[in-house]
>>> print(open('work.txt').read())   # compact mmCIF, C-alpha atoms and all ligand atoms
# COMPACT_ATOMS: atom_id res chain seq x y z
CA MET A 244 97.68 67.75 94.66
CA ASN A 245 94.42 68.31 92.91
CA THR A 246 95.39 69.85 89.58
CA ALA A 247 92.67 67.92 87.69
CA GLN A 248 90.13 70.53 88.80
CA PHE A 249 91.87 72.96 86.41
CA ILE A 250 91.48 70.81 83.29
CA PRO A 251 88.32 71.95 81.50
CA LYS A 252 85.79 69.24 80.61
CA ILE A 253 83.13 70.65 78.32
CA LEU A 254 83.84 73.68 76.18
CA SER A 255 81.60 75.34 73.63
CA GLU A 256 82.99 75.74 70.10
CA LYS A 257 80.83 78.69 69.22
CA ILE A 258 83.15 81.59 69.96
CA ALA A 259 84.79 82.72 66.70
CA LYS A 260 86.30 85.98 67.95
CA ALA A 261 86.74 87.57 71.35
CA SER A 262 88.85 90.31 72.92
CA PHE A 263 89.55 90.95 76.59
CA THR A 264 91.56 93.58 78.43
CA TRP A 265 92.83 93.16 81.99
CA GLN A 266 94.82 95.37 84.31
CA THR A 267 96.74 93.41 86.92
CA PRO A 268 99.14 94.74 89.55
CA SER A 269 102.59 94.02 90.80
CA ASN A 270 102.96 92.87 94.43
CA ILE A 271 105.55 93.15 97.17
CA ALA A 272 106.21 90.22 99.49
CA LEU A 273 106.35 90.75 103.26
CA VAL A 274 107.39 87.14 103.90
CA LYS A 275 109.47 86.10 100.91
CA TYR A 276 109.39 83.16 98.54
CA TRP A 277 112.90 82.08 97.54
CA GLY A 278 113.39 78.43 96.54
CA LYS A 279 111.07 76.12 94.64
CA SER A 280 110.63 72.63 93.21
CA ASN A 281 109.02 71.58 89.96
CA PRO A 282 106.50 72.69 88.67
CA GLN A 283 106.76 76.05 90.45
CA ILE A 284 105.96 74.64 93.89
CA PRO A 285 107.27 76.98 96.61
CA LYS A 286 109.52 75.65 99.35
CA ASN A 287 107.73 77.88 101.85
CA ALA A 288 104.56 79.93 102.05
CA SER A 289 104.73 83.69 101.38
CA ILE A 290 102.48 86.72 101.78
CA SER A 291 102.41 89.99 99.86
CA PHE A 292 100.72 93.33 99.63
CA THR A 293 99.06 93.74 96.26
CA LEU A 294 100.05 97.09 94.73
CA ASN A 295 97.78 99.62 93.11
CA ASN A 296 99.69 101.86 90.71
CA CYS A 297 102.34 99.51 89.34
CA HIS A 298 100.42 97.39 86.89
CA THR A 299 100.29 95.87 83.42
CA ILE A 300 97.39 96.33 81.02
CA THR A 301 97.05 93.51 78.52
CA ARG A 302 94.57 93.02 75.74
CA ILE A 303 94.32 89.69 73.95
CA ASP A 304 92.40 89.34 70.69
CA PHE A 305 91.44 85.73 70.05
CA SER A 306 90.34 84.57 66.61
CA ARG A 307 89.37 80.97 65.97
CA LYS A 308 91.47 78.94 63.52
CA GLU A 309 92.15 75.34 62.55
CA ARG A 310 93.48 73.47 65.57
CA THR A 311 97.25 72.92 65.32
CA THR A 312 99.92 71.54 67.63
CA GLU A 313 101.68 74.92 67.89
CA VAL A 314 100.42 77.88 69.91
CA ALA A 315 100.05 80.84 67.52
CA PHE A 316 100.48 84.35 68.90
CA ASP A 317 101.82 87.81 68.11
CA LEU A 318 103.17 90.00 70.87
CA PHE A 319 103.20 93.79 71.03
CA PHE A 320 104.66 95.71 73.95
CA GLU A 321 103.82 99.41 74.15
CA GLY A 322 102.65 99.29 70.54
CA LYS A 323 105.75 97.64 69.10
CA GLU A 324 106.19 94.02 68.11
CA LYS A 325 108.58 92.40 70.61
CA GLU A 326 110.21 89.25 69.27
CA GLU A 327 112.61 89.15 72.25
CA PHE A 328 109.74 88.75 74.77
CA LYS A 329 108.17 85.88 72.82
CA PRO A 330 110.21 82.90 74.13
CA LYS A 331 109.15 83.59 77.73
CA ILE A 332 105.49 83.82 76.76
CA ALA A 333 105.78 80.73 74.50
CA ASP A 334 107.23 78.88 77.48
CA PHE A 335 104.32 80.07 79.63
CA PHE A 336 101.80 78.78 77.05
CA LYS A 337 103.61 75.41 77.05
CA ARG A 338 103.25 75.16 80.80
CA VAL A 339 99.53 76.01 80.76
CA GLN A 340 98.45 74.16 77.58
CA GLU A 341 97.26 71.11 79.53
CA TYR A 342 94.91 73.36 81.52
CA CYS A 343 93.94 75.65 78.62
CA PRO A 344 93.71 73.29 75.61
CA TYR A 345 91.62 75.92 73.77
CA ILE A 346 94.75 78.02 73.12
CA PHE A 347 95.46 75.72 70.16
CA ASP A 348 92.15 76.74 68.59
CA TYR A 349 92.85 80.46 68.46
CA LYS A 350 95.30 82.88 66.98
CA MET A 351 96.17 85.29 69.81
CA THR A 352 97.31 88.88 69.44
CA ILE A 353 98.69 90.18 72.72
CA ASN A 354 99.06 93.91 73.37
CA SER A 355 100.68 94.83 76.64
CA GLU A 356 101.87 97.96 78.46
CA ASN A 357 103.20 98.70 81.94
CA SER A 358 102.33 101.70 84.11
CA PHE A 359 105.91 101.79 85.39
CA PRO A 360 108.96 102.66 83.28
CA HIS A 361 110.31 99.78 81.24
CA SER A 362 113.40 98.17 82.79
CA SER A 363 113.03 100.17 86.00
CA GLY A 364 114.10 97.10 87.95
CA ILE A 365 110.47 96.55 88.94
CA ALA A 366 109.68 92.94 88.13
CA SER A 367 107.07 92.97 85.40
CA SER A 368 106.63 89.20 85.34
CA ALA A 369 104.07 89.18 88.20
CA SER A 370 101.80 91.79 86.63
CA GLY A 371 102.50 90.68 83.04
CA LEU A 372 101.76 86.99 83.48
CA SER A 373 98.75 87.51 85.73
CA ALA A 374 97.23 89.79 83.06
CA ILE A 375 97.63 87.08 80.39
CA ALA A 376 96.17 84.52 82.81
CA MET A 377 93.08 86.71 83.37
CA CYS A 378 92.58 87.14 79.59
CA LEU A 379 92.77 83.35 79.12
CA MET A 380 90.23 82.88 81.91
CA SER A 381 87.87 85.42 80.32
CA LEU A 382 87.95 83.34 77.14
CA GLU A 383 87.41 80.15 79.16
CA GLN A 384 84.41 81.77 80.82
CA GLU A 385 82.92 82.46 77.38
CA LEU A 386 83.54 78.83 76.42
CA ASN A 387 81.98 77.57 79.65
CA SER A 388 79.44 79.89 81.21
CA ASP A 389 79.16 77.73 84.36
CA LEU A 390 82.42 79.02 85.83
CA THR A 391 82.10 81.05 89.03
CA GLN A 392 84.22 84.16 89.62
CA GLU A 393 85.80 82.39 92.58
CA PHE A 394 86.98 79.54 90.34
CA VAL A 395 88.12 82.00 87.65
CA ASN A 396 90.34 83.85 90.14
CA LYS A 397 91.68 80.62 91.59
CA LYS A 398 92.55 79.18 88.19
CA ALA A 399 94.00 82.51 86.98
CA SER A 400 96.33 82.47 89.98
CA PHE A 401 97.16 78.81 89.30
CA LEU A 402 98.05 79.63 85.66
CA ALA A 403 100.01 82.78 86.56
CA ARG A 404 102.02 80.73 89.08
CA LEU A 405 103.16 78.40 86.31
CA GLY A 406 104.70 81.44 84.59
CA SER A 407 106.24 83.11 87.63
CA GLY A 408 105.64 82.04 91.23
CA SER A 409 105.03 85.51 92.61
CA ALA A 410 102.51 86.20 89.79
CA SER A 411 100.09 83.89 91.64
CA ARG A 412 99.80 86.69 94.23
CA SER A 413 98.75 89.35 91.68
CA ILE A 414 95.13 88.41 91.01
CA GLU A 415 93.53 89.55 94.26
CA GLY A 416 94.31 91.92 97.12
CA PRO A 417 95.06 93.59 99.47
CA LEU A 418 97.01 90.70 101.03
CA VAL A 419 97.61 87.36 99.33
CA VAL A 420 99.10 84.15 100.72
CA TRP A 421 100.65 81.61 98.37
CA GLY A 422 101.92 78.27 99.64
CA ASN A 423 100.42 75.68 101.89
CA HIS A 424 100.53 76.76 105.54
CA PRO A 425 98.85 74.92 108.41
CA GLU A 426 97.59 78.12 110.06
CA ILE A 427 96.21 79.81 106.94
CA GLU A 428 92.90 78.24 106.05
CA GLY A 429 92.53 77.39 102.37
CA SER A 430 96.18 78.11 101.54
CA SER A 431 97.73 76.10 98.73
CA ASP A 432 101.00 75.56 96.89
CA LEU A 433 99.01 75.71 93.65
CA PHE A 434 97.50 79.21 93.82
CA GLY A 435 97.32 82.35 95.92
CA ILE A 436 94.40 83.13 98.21
CA GLN A 437 93.27 86.33 99.84
CA PHE A 438 94.53 86.50 103.44
CA PRO A 439 91.46 84.94 105.07
CA TYR A 440 91.36 86.83 108.41
CA LYS A 441 90.28 90.33 109.36
CA VAL A 442 93.16 92.76 108.97
CA HIS A 443 93.76 95.60 111.47
CA SER A 444 92.78 99.06 110.19
CA VAL A 445 96.34 100.39 110.53
CA PHE A 446 97.18 98.42 107.36
CA GLU A 447 94.39 100.05 105.32
CA ASN A 448 95.76 102.04 102.40
CA TYR A 449 99.33 101.17 103.49
CA GLN A 450 101.88 103.08 101.43
CA ASP A 451 104.76 101.71 99.35
CA ALA A 452 107.19 104.13 97.71
CA ILE A 453 109.49 102.30 95.32
CA LEU A 454 112.90 103.91 95.12
CA LEU A 455 114.58 103.15 91.81
CA VAL A 456 118.18 102.66 92.85
CA ASP A 457 119.35 100.70 89.86
CA LYS A 458 117.40 100.33 86.67
CA GLY A 459 119.87 98.04 84.93
CA GLU A 460 119.36 94.42 84.01
CA LYS A 461 119.88 92.17 87.06
CA GLN A 462 123.17 90.26 87.04
CA VAL A 463 121.48 87.11 88.36
CA SER A 464 117.90 86.28 87.40
CA SER A 465 115.30 85.03 89.92
CA THR A 466 115.28 81.67 88.14
CA ILE A 467 118.99 81.19 88.81
CA GLY A 468 118.61 82.53 92.35
CA HIS A 469 115.78 80.08 93.17
CA ASN A 470 117.87 77.21 91.78
CA LEU A 471 120.81 78.13 93.99
CA MET A 472 118.62 77.28 97.00
CA HIS A 473 118.83 73.57 96.02
CA ASN A 474 122.25 72.96 97.52
CA HIS A 475 122.25 75.91 99.84
CA PRO A 476 123.68 75.23 103.32
CA TYR A 477 120.94 77.25 105.07
CA ALA A 478 118.01 76.30 102.84
CA GLU A 479 116.09 74.01 105.19
CA ASN A 480 116.38 76.46 108.10
CA ARG A 481 115.29 79.30 105.86
CA PHE A 482 112.17 77.48 104.62
CA GLN A 483 111.20 76.63 108.18
CA GLN A 484 111.87 80.19 109.35
CA ALA A 485 109.75 81.67 106.55
CA ASN A 486 106.80 79.47 107.54
CA GLU A 487 107.23 80.52 111.17
CA ASN A 488 107.45 84.14 110.07
CA LEU A 489 104.19 83.77 108.20
CA SER A 490 102.51 82.59 111.43
CA LYS A 491 103.93 85.69 113.17
CA MET A 492 102.89 87.95 110.30
CA SER A 493 99.34 86.59 110.35
CA LYS A 494 99.03 87.58 114.01
CA ILE A 495 100.63 91.00 113.41
CA LEU A 496 98.28 91.76 110.52
CA GLN A 497 95.26 90.91 112.66
CA GLU A 498 96.45 92.75 115.78
CA GLY A 499 98.11 95.77 114.15
CA ASN A 500 101.39 95.78 116.07
CA LEU A 501 103.52 98.02 113.84
CA LYS A 502 106.77 97.60 115.79
CA ASP A 503 106.59 93.84 115.23
CA PHE A 504 105.59 94.39 111.60
CA ILE A 505 108.66 96.55 110.98
CA SER A 506 111.15 94.12 112.50
CA LEU A 507 109.67 91.13 110.72
CA VAL A 508 109.45 92.82 107.30
CA GLU A 509 113.01 94.16 107.44
CA SER A 510 114.38 90.87 108.71
CA GLU A 511 112.67 89.04 105.83
CA ALA A 512 114.20 91.44 103.28
CA LEU A 513 117.71 91.09 104.67
CA THR A 514 117.34 87.31 105.02
CA LEU A 515 116.39 87.05 101.33
CA HIS A 516 119.58 88.89 100.42
CA ALA A 517 121.57 86.87 102.98
CA MET A 518 120.54 83.76 101.02
CA MET A 519 122.04 85.35 97.91
CA LEU A 520 125.24 86.32 99.73
CA THR A 521 125.65 82.74 100.98
CA SER A 522 124.75 80.91 97.75
CA ASN A 523 127.37 79.00 95.79
CA PRO A 524 128.19 80.88 93.61
CA TYR A 525 127.42 83.93 95.80
CA PHE A 526 126.04 87.15 94.39
CA ILE A 527 125.01 90.62 95.52
CA LEU A 528 121.99 92.43 94.10
CA MET A 529 122.07 95.38 96.51
CA LYS A 530 124.02 98.49 95.48
CA PRO A 531 125.82 100.98 97.72
CA ASN A 532 122.78 103.29 97.56
CA THR A 533 120.51 100.47 98.73
CA LEU A 534 122.48 100.46 102.00
CA GLU A 535 122.61 104.27 102.18
CA ILE A 536 118.82 104.35 101.95
CA ILE A 537 118.39 101.63 104.59
CA ASN A 538 120.58 103.60 107.00
CA LYS A 539 118.67 106.83 106.28
CA ILE A 540 115.38 105.03 106.96
CA TRP A 541 116.70 103.74 110.29
CA GLU A 542 117.87 107.24 111.28
CA PHE A 543 114.55 108.80 110.31
CA ARG A 544 112.59 106.15 112.19
CA ALA A 545 114.56 106.68 115.38
CA SER A 546 114.62 110.48 115.28
CA LYS A 547 110.99 111.00 114.20
CA ASN A 548 109.43 108.10 116.07
CA SER A 549 108.07 106.98 112.70
CA ASN A 550 106.75 103.60 111.57
CA ILE A 551 108.58 103.72 108.26
CA CYS A 552 110.38 100.53 107.19
CA PHE A 553 111.89 98.99 104.07
CA THR A 554 111.70 95.80 102.13
CA LEU A 555 113.61 94.53 99.10
CA ASP A 556 112.82 92.38 96.10
CA ALA A 557 115.42 90.42 94.18
CA GLY A 558 117.15 93.64 93.13
CA ALA A 559 118.68 96.91 94.32
CA ASN A 560 115.47 98.97 94.52
CA VAL A 561 114.06 99.75 97.95
CA HIS A 562 110.36 99.54 98.82
CA VAL A 563 109.58 102.03 101.58
CA LEU A 564 106.53 100.94 103.57
CA TYR A 565 104.56 103.25 105.90
CA PRO A 566 101.06 103.72 107.27
CA ALA A 567 98.71 106.13 105.46
CA ASN A 568 98.70 108.60 108.39
CA GLU A 569 102.44 109.22 107.91
CA LYS A 570 102.13 109.93 104.20
CA GLU A 571 102.87 113.64 104.39
CA THR A 572 106.01 113.46 106.55
CA VAL A 573 107.45 110.38 104.86
CA ASN A 574 106.82 111.69 101.34
CA GLU A 575 108.66 114.87 102.27
CA PHE A 576 111.58 112.78 103.56
CA ILE A 577 111.61 110.78 100.32
CA GLU A 578 111.56 113.88 98.14
CA ASN A 579 114.16 115.82 100.14
CA GLU A 580 116.55 113.04 101.10
CA LEU A 581 116.01 109.55 99.73
CA ALA A 582 115.49 110.69 96.13
CA ASN A 583 119.18 111.71 96.08
CA TYR A 584 120.14 108.03 96.22
CA CYS A 585 117.89 107.03 93.31
CA GLN A 586 118.91 106.83 89.67
CA LYS A 587 117.86 110.13 88.10
CA LYS A 588 116.04 110.82 91.41
CA GLN A 589 113.28 108.45 90.29
CA TYR A 590 110.76 106.84 92.63
CA ILE A 591 107.15 105.70 92.36
CA TYR A 592 104.45 106.29 94.94
CA ASP A 593 102.22 103.29 95.33
CA SER A 594 99.86 101.86 97.93
CA VAL A 595 98.01 98.68 98.66
CA GLY A 596 95.53 97.66 95.96
CA PHE A 597 92.78 95.15 95.32
CA GLY A 598 93.92 93.07 92.37
CA ALA A 599 92.90 92.46 88.77
CA LYS A 600 90.50 94.85 87.03
CA LYS A 601 88.70 94.20 83.78
CA HIS A 602 88.65 97.01 81.22
CA ASN A 603 86.05 97.45 78.52
CA THR A 604 87.76 96.33 75.33
CA LYS A 605 87.43 99.04 72.69
O1 LIG B 701 108.24 84.99 91.03
P1 LIG B 701 109.72 84.92 90.87
O2 LIG B 701 110.18 83.60 90.41
O3 LIG B 701 110.24 86.06 90.04
O4 LIG B 701 110.40 85.10 92.33
C1 LIG B 701 110.32 86.28 93.02
C2 LIG B 701 110.83 86.14 94.38
C3 LIG B 701 110.92 87.42 95.20
O5 LIG B 701 110.36 88.53 94.51
C4 LIG B 701 112.37 87.75 95.49
C5 LIG B 701 110.22 87.25 96.54
C6 LIG B 701 108.73 87.17 96.48
O6 LIG B 701 108.17 86.41 97.27
O7 LIG B 701 108.12 87.90 95.69
>>> encode(input="work.txt", output="structure tokens", more="lines below")
Ligand code: PMV
Amino acid sequence: MNTAQFIPKILSEKIAKASFTWQTPSNIALVKYWGKSNPQIPKNASISFTLNNCHTITRIDFSRKERTTEVAFDLFFEGKEKEEFKPKIADFFKRVQEYCPYIFDYKMTINSENSFPHSSGIASSASGLSAIAMCLMSLEQELNSDLTQEFVNKKASFLARLGSGSASRSIEGPLVVWGNHPEIEGSSDLFGIQFPYKVHSVFENYQDAILLVDKGEKQVSSTIGHNLMHNHPYAENRFQQANENLSKMSKILQEGNLKDFISLVESEALTLHAMMLTSNPYFILMKPNTLEIINKIWEFRASKNSNICFTLDAGANVHVLYPANEKETVNEFIENELANYCQKKQYIYDSVGFGAKKHNTK
């Protein structure tokens, strides 16, 4: 695999100070990634909707210093210094140092905040790590003005992937494929790419309401979950099925068949959780209210002839997906019925978005 393209060759030494601010979104997979090999290479290709409202805003102030062998950074989350978040970020810098050698030349001050409530069960690693990756790439662009935006996005996705696989899908939008797939032109295990074919208009402004069923810390982290796919009895079949499902999803997205979309998306969500139920050791991330909500969605769909469906991440929260023209009726259903199954009746309305946005740094 051609990772050499991401090692910078000539860099200017003239930048003494620089600050960049990026807003990058979360994403929700339609065909799921679950299982990987080193270094963060997915066992199957996946595709996600990029979200719009759930995002992280990160500002990094870089100031040049004597080059050392340690990466020097301070980390503030929502205005407060966060020592407990530092090991994960330090680990990320270790993984990207070969591709971003300039991080040893700067002291970095990272200021980050999320648009969604902290520990809401919404994974912040995708938006958080992609925002840091974009800030690093803005610095790299200052150090080498020859870089094209296309390369910057590609490398940002490559770097974000090294932090958290799904973060590679948070740079662009509205649909991103990550993982090499014979039918998706340009797809790669190394970085996410925008879905390269024309998408049917029914998916424009697609809605995603995130129902916060359980805001507690997950009992089993994604890292452990991915690792349990190594000796999993159904792993090989699952990886093959996911790649086949991506072929089906590609066709569905181009042709706009919502009935097929619904059955594929829900099957993917339940299959992801089936992998958890059949791991050794087994574990369950769904909660009773996750199942209550799924049943309510099925009832509503049948009785109202709706195109509502659900998907799940590695957690108990439910993502409710529906076309923009059903917004009014589905939102009413969420407010009147589904909210009762959420912790403190909390949910977040989101919709499909277009990826990373640069802010003017004040
Ligand atoms: O990016 P990670 O390592 O946190 O894995 C996330 C995997 C799922 O969210 C469960 C599925 C996916 O494709 O996003």
>>> residues_near_ligand(input="work.txt", ligand="ligand LIG 701 (chain B)", cutoff="8 Å", atoms="all atoms listed in the file", output="ChimeraX atom specification")
/A:270-277,289-291,366,368-369,404,407-410,465-466,469,515,555-558
>>> residues_near_point(input="work.txt", point="(97.9, 81.6, 77.5)", cutoff="7 Å", atoms="only C-alpha atoms", output="number ranges by chain")
A: 335-336, 339, 346, 375-376, 379
>>> residues_around(input="work.txt", residues="Glu426 (chain A)", least_positions_apart="6", cutoff="9 Å", atoms="all atoms listed in the file", output="count of residues only")
3
>>> residues_around(input="work.txt", residues="region 279-287 of chain A", least_positions_apart="5", cutoff="10 Å", atoms="only C-alpha atoms", output="PyMOL selection string")
chain A and resi 274+338+404-409+421-424+431-434+466+469-473+478-479+481-487+489
>>> closest_atom_pairs(input="work.txt", of="region 343-452 of chain A", to="region 503-512 of chain A", cutoff="12 Å", atoms="all atoms listed in the file", output="tab-separated table")
residue	atom	partner	partner_atom	distance
A:His443	CA	A:Phe504	CA	11.9
A:Val445	CA	A:Phe504	CA	11.1
A:Phe446	CA	A:Phe504	CA	10.2
>>> closest_residue(input="work.txt", among="A:Asp593, A:Glu415, A:Glu535, A:Glu580", to="Asp451 (chain A)", atoms="only C-alpha atoms")
A:Asp593
>>> residues_around(input="work.txt", residues="region 308-320 of chain A", least_positions_apart="5", cutoff="6 Å", atoms="all atoms listed in the file", output="list in words")
Lys325, Phe347, Asp348, Tyr349, Lys350, Met351, Thr352, Ile353, Asn354, Ser355 and Glu356 of chain A
>>> residues_around(input="work.txt", residues="Ile436 (chain A)", least_positions_apart="4", cutoff="9 Å", atoms="all atoms listed in the file", output="JSON list (two decimals) with C-alpha atoms, keeping the file's coordinate frame")
[["chain", "number", "residue", "atom", "x", "y", "z"],
["A", 397, "LYS", "CA", 91.68, 80.62, 91.59],
["A", 400, "SER", "CA", 96.33, 82.47, 89.98],
["A", 411, "SER", "CA", 100.09, 83.89, 91.64],
["A", 412, "ARG", "CA", 99.80, 86.69, 94.23],
["A", 414, "ILE", "CA", 95.13, 88.41, 91.01],
["A", 415, "GLU", "CA", 93.53, 89.55, 94.26],
["A", 416, "GLY", "CA", 94.31, 91.92, 97.12],
["A", 418, "LEU", "CA", 97.01, 90.70, 101.03],
["A", 419, "VAL", "CA", 97.61, 87.36, 99.33],
["A", 420, "VAL", "CA", 99.10, 84.15, 100.72],
["A", 421, "TRP", "CA", 100.65, 81.61, 98.37],
["A", 429, "GLY", "CA", 92.53, 77.39, 102.37],
["A", 430, "SER", "CA", 96.18, 78.11, 101.54],
["A", 431, "SER", "CA", 97.73, 76.10, 98.73]]
>>> atom_distance(input="work.txt", atom1="CA of His562 (chain A)", atom2="CA of Ser594 (chain A)")
10.8 Å
>>> closest_residue(input="work.txt", among="A:Ala452, A:Leu402, A:Ile467, A:Leu501", to="Tyr592 (chain A)", atoms="only C-alpha atoms")
A:Ala452
>>> closest_residue(input="work.txt", among="A:Asn574, A:Asn448, A:Gln248, A:Thr533", to="Phe394 (chain A)", atoms="only C-alpha atoms")
A:Gln248
>>> atom_distance(input="work.txt", atom1="CA of Phe263 (chain A)", atom2="CA of Cys297 (chain A)")
20.0 Å
>>> atom_distance(input="work.txt", atom1="CA of Glu575 (chain A)", atom2="CA of Gln589 (chain A)")
14.4 Å
>>> residues_around(input="work.txt", residues="Glu569 (chain A)", least_positions_apart="6", cutoff="10 Å", atoms="all atoms listed in the file", output="list of chain:residue names")
A:Tyr449, A:Gln450, A:Ser549, A:Asn550, A:Ile551
>>> closest_residue(input="work.txt", among="A:Asn474, A:Val456, A:Lys600, A:Asn523", to="Tyr584 (chain A)", atoms="all atoms listed in the file")
A:Val456
>>> closest_residue(input="work.txt", among="A:Gly468, A:Arg302, A:Glu447, A:Pro251", to="Asn568 (chain A)", atoms="all atoms listed in the file")
A:Glu447
>>> closest_residue(input="work.txt", among="A:Ser413, A:Ser358, A:Ser388, A:Ser464", to="Ser269 (chain A)", atoms="only C-alpha atoms")
A:Ser413
>>> build_atoms(input="work.txt", residues="region 369-382 of chain A", atoms="N, CA and C atoms", output="CSV table (one decimal), keeping the file's coordinate frame")
chain,number,residue,atom,x,y,z
A,369,ALA,N,105.3,89.4,87.4
A,369,ALA,CA,104.1,89.2,88.2
A,369,ALA,C,102.9,89.8,87.6
A,370,SER,N,103.0,91.1,87.2
A,370,SER,CA,101.8,91.8,86.6
A,370,SER,C,101.6,91.3,85.2
A,371,GLY,N,102.6,91.1,84.4
A,371,GLY,CA,102.5,90.7,83.0
A,371,GLY,C,101.8,89.3,82.9
A,372,LEU,N,102.3,88.3,83.6
A,372,LEU,CA,101.8,87.0,83.5
A,372,LEU,C,100.4,86.9,84.1
A,373,SER,N,100.1,87.6,85.2
A,373,SER,CA,98.8,87.5,85.7
A,373,SER,C,97.7,88.1,84.8
A,374,ALA,N,98.1,89.2,84.0
A,374,ALA,CA,97.2,89.8,83.1
A,374,ALA,C,96.9,88.8,81.9
A,375,ILE,N,97.9,88.1,81.4
A,375,ILE,CA,97.6,87.1,80.4
A,375,ILE,C,96.7,86.0,80.9
A,376,ALA,N,97.0,85.6,82.2
A,376,ALA,CA,96.2,84.5,82.8
A,376,ALA,C,94.7,85.0,82.9
A,377,MET,N,94.5,86.2,83.3
A,377,MET,CA,93.1,86.7,83.4
A,377,MET,C,92.4,86.7,82.0
A,378,CYS,N,93.2,87.1,81.0
A,378,CYS,CA,92.6,87.1,79.6
A,378,CYS,C,92.2,85.7,79.2
A,379,LEU,N,93.1,84.7,79.5
A,379,LEU,CA,92.8,83.4,79.1
A,379,LEU,C,91.5,82.9,79.9
A,380,MET,N,91.4,83.3,81.1
A,380,MET,CA,90.2,82.9,81.9
A,380,MET,C,88.9,83.6,81.4
A,381,SER,N,89.1,84.8,80.9
A,381,SER,CA,87.9,85.4,80.3
A,381,SER,C,87.4,84.6,79.1
A,382,LEU,N,88.3,84.2,78.3
A,382,LEU,CA,88.0,83.3,77.1
A,382,LEU,C,87.3,82.0,77.6
